[in-house]
$ cat upload_30.txt   # compact mmCIF, C-alpha atoms and all ligand atoms
# COMPACT_ATOMS: atom_id res chain seq x y z
CA MET A 1 4.30 -2.78 2.01
CA ARG A 2 1.44 -4.63 0.37
CA ALA A 3 -2.21 -5.17 1.24
CA ARG A 4 -4.56 -7.96 0.36
CA VAL A 5 -8.21 -8.59 1.09
CA ASP A 6 -9.74 -11.97 1.85
CA ARG A 7 -12.81 -11.70 -0.37
CA ASP A 8 -14.61 -14.48 1.48
CA ALA A 9 -14.26 -12.60 4.77
CA CYS A 10 -15.26 -9.14 3.52
CA ILE A 11 -18.79 -8.15 4.53
CA SER A 12 -18.92 -5.01 2.35
CA CYS A 13 -19.12 -2.54 5.24
CA GLY A 14 -17.04 0.05 3.38
CA LEU A 15 -14.98 1.02 6.40
CA CYS A 16 -11.62 0.43 4.73
CA GLU A 17 -12.57 2.64 1.82
CA SER A 18 -13.62 5.38 4.26
CA ILE A 19 -10.41 5.10 6.28
CA CYS A 20 -8.00 4.72 3.39
CA PRO A 21 -9.53 5.53 0.00
CA ASP A 22 -6.12 5.68 -1.67
CA VAL A 23 -5.66 1.94 -1.08
CA PHE A 24 -9.11 0.33 -0.85
CA GLU A 25 -12.31 0.56 -2.84
CA LEU A 26 -15.41 -1.56 -3.18
CA ASP A 27 -15.71 -3.35 -6.50
CA ASP A 28 -18.81 -4.18 -8.58
CA GLU A 29 -19.72 -6.92 -6.10
CA ASN A 30 -19.26 -4.55 -3.15
CA ILE A 31 -16.16 -6.42 -2.03
CA SER A 32 -13.09 -4.47 -1.05
CA VAL A 33 -10.19 -4.54 -3.46
CA VAL A 34 -6.67 -3.16 -3.21
CA LYS A 35 -6.06 -0.39 -5.72
CA VAL A 36 -2.30 -0.02 -5.38
CA ASP A 37 0.60 -2.45 -5.12
CA PRO A 38 2.85 -1.67 -3.42
CA ILE A 39 1.22 0.81 -1.05
CA PRO A 40 2.72 4.29 -1.39
CA ALA A 41 4.60 5.41 1.73
CA GLU A 42 2.11 8.19 2.44
CA ALA A 43 -0.77 5.69 2.56
CA GLU A 44 0.88 3.06 4.76
CA ALA A 45 -0.49 4.46 8.03
CA CYS A 46 -4.11 4.48 6.91
CA ALA A 47 -3.74 1.01 5.33
CA LYS A 48 -2.61 -0.33 8.70
CA GLU A 49 -5.47 1.45 10.40
CA ALA A 50 -7.91 -0.18 7.98
CA GLU A 51 -6.35 -3.57 8.76
CA GLU A 52 -6.90 -2.97 12.48
CA GLU A 53 -10.42 -1.63 12.10
CA CYS A 54 -11.85 -4.17 9.62
CA PRO A 55 -14.59 -5.94 11.58
CA THR A 56 -13.86 -9.35 10.05
CA ASN A 57 -10.05 -9.11 9.83
CA ALA A 58 -10.31 -9.49 6.08
CA ILE A 59 -7.41 -7.11 5.42
CA HIS A 60 -3.83 -8.22 5.65
CA VAL A 61 -1.01 -5.68 5.37
CA GLU A 62 2.57 -6.87 5.30
S1 LIG B 1 -13.42 -3.01 6.32
FE1 LIG B 1 -13.21 -5.24 5.97
S2 LIG B 1 -15.29 -6.02 5.83
FE2 LIG B 1 -15.41 -3.80 5.56
S3 LIG B 1 -15.35 -3.49 3.33
FE3 LIG B 1 -13.25 -3.35 4.09
S4 LIG B 1 -12.39 -5.44 3.89
FE4 LIG B 1 -14.64 -5.59 3.74

$ encode --input "upload_30.txt" --output "structure tokens"
Amino acid sequence: MRARVDRDACISCGLCESICPDVFELDDENISVVKVDPIPAEAEACAKEAEEECPTNAIHVE
């Protein structure tokens, strides 16, 4: 499983980092970036939750 973030859609709310800090963090521009590729099995559930909860649907997990 892999995650990607649409940088143009991210509004820097920080929710993904709060929900799943093992996968997402905000970079120097306060845009979410994916820290791990592929996503470790133990972090897949929270990565999917972050995808569902992102207010702008900027996260894509597949
Ligand atoms: S939840 Fe979505 S909008 Fe908020 S920081 Fe993460 S990717 Fe950006």

$ residues_near_ligand --input "upload_30.txt" --ligand "ligand LIG 1 (chain B)" --cutoff "9 Å" --atoms "all atoms listed in the file" --output "number ranges by chain"
A: 4-7, 9-19, 24-26, 30-33, 50-59

$ write_last_selection --input "upload_30.txt" --atoms "C-alpha atoms" --output "compact mmCIF listing (two decimals), in the coordinates of the input"
# COMPACT_ATOMS: atom_id res chain seq x y z
CA ARG A 4 -4.56 -7.96 0.36
CA VAL A 5 -8.21 -8.59 1.09
CA ASP A 6 -9.74 -11.97 1.85
CA ARG A 7 -12.81 -11.70 -0.37
CA ALA A 9 -14.26 -12.60 4.77
CA CYS A 10 -15.26 -9.14 3.52
CA ILE A 11 -18.79 -8.15 4.53
CA SER A 12 -18.92 -5.01 2.35
CA CYS A 13 -19.12 -2.54 5.24
CA GLY A 14 -17.04 0.05 3.38
CA LEU A 15 -14.98 1.02 6.40
CA CYS A 16 -11.62 0.43 4.73
CA GLU A 17 -12.57 2.64 1.82
CA SER A 18 -13.62 5.38 4.26
CA ILE A 19 -10.41 5.10 6.28
CA PHE A 24 -9.11 0.33 -0.85
CA GLU A 25 -12.31 0.56 -2.84
CA LEU A 26 -15.41 -1.56 -3.18
CA ASN A 30 -19.26 -4.55 -3.15
CA ILE A 31 -16.16 -6.42 -2.03
CA SER A 32 -13.09 -4.47 -1.05
CA VAL A 33 -10.19 -4.54 -3.46
CA ALA A 50 -7.91 -0.18 7.98
CA GLU A 51 -6.35 -3.57 8.76
CA GLU A 52 -6.90 -2.97 12.48
CA GLU A 53 -10.42 -1.63 12.10
CA CYS A 54 -11.85 -4.17 9.62
CA PRO A 55 -14.59 -5.94 11.58
CA THR A 56 -13.86 -9.35 10.05
CA ASN A 57 -10.05 -9.11 9.83
CA ALA A 58 -10.31 -9.49 6.08
CA ILE A 59 -7.41 -7.11 5.42

$ closest_residue --input "upload_30.txt" --among "A:Val34, A:Cys46, A:Glu62, A:Val23" --to "Met1 (chain A)" --atoms "only C-alpha atoms"
A:Glu62

$ axis_aligned_box --input "upload_30.txt" --around "region 41-48 of chain A" --padding-each-side "5 Å" --output "lines of an AutoDock Vina configuration file"
center_x = 0.2
center_y = 3.9
center_z = 5.2
size_x = 18.7
size_y = 18.5
size_z = 17.0

$ atom_distance --input "upload_30.txt" --atom1 "CA of Pro21 (chain A)" --atom2 "CA of Arg2 (chain A)"
15.0 Å

$ residues_around --input "upload_30.txt" --residues "Ile39 (chain A)" --least-positions-apart "3" --cutoff "9 Å" --atoms "only C-alpha atoms" --output "MDAnalysis selection string"
chainID A and resid 1:3 22:23 35:36 42:44 47

$ write_last_selection --input "upload_30.txt" --atoms "C-alpha atoms" --output "mmCIF file, keeping the file's coordinate frame"
data_model
loop_
_atom_site.group_PDB
_atom_site.id
_atom_site.type_symbol
_atom_site.label_atom_id
_atom_site.label_comp_id
_atom_site.auth_asym_id
_atom_site.auth_seq_id
_atom_site.Cartn_x
_atom_site.Cartn_y
_atom_site.Cartn_z
ATOM 1 C CA MET A 1 4.300 -2.780 2.010
ATOM 2 C CA ARG A 2 1.440 -4.630 0.370
ATOM 3 C CA ALA A 3 -2.210 -5.170 1.240
ATOM 4 C CA ASP A 22 -6.120 5.680 -1.670
ATOM 5 C CA VAL A 23 -5.660 1.940 -1.080
ATOM 6 C CA LYS A 35 -6.060 -0.390 -5.720
ATOM 7 C CA VAL A 36 -2.300 -0.020 -5.380
ATOM 8 C CA GLU A 42 2.110 8.190 2.440
ATOM 9 C CA ALA A 43 -0.770 5.690 2.560
ATOM 10 C CA GLU A 44 0.880 3.060 4.760
ATOM 11 C CA ALA A 47 -3.740 1.010 5.330
#
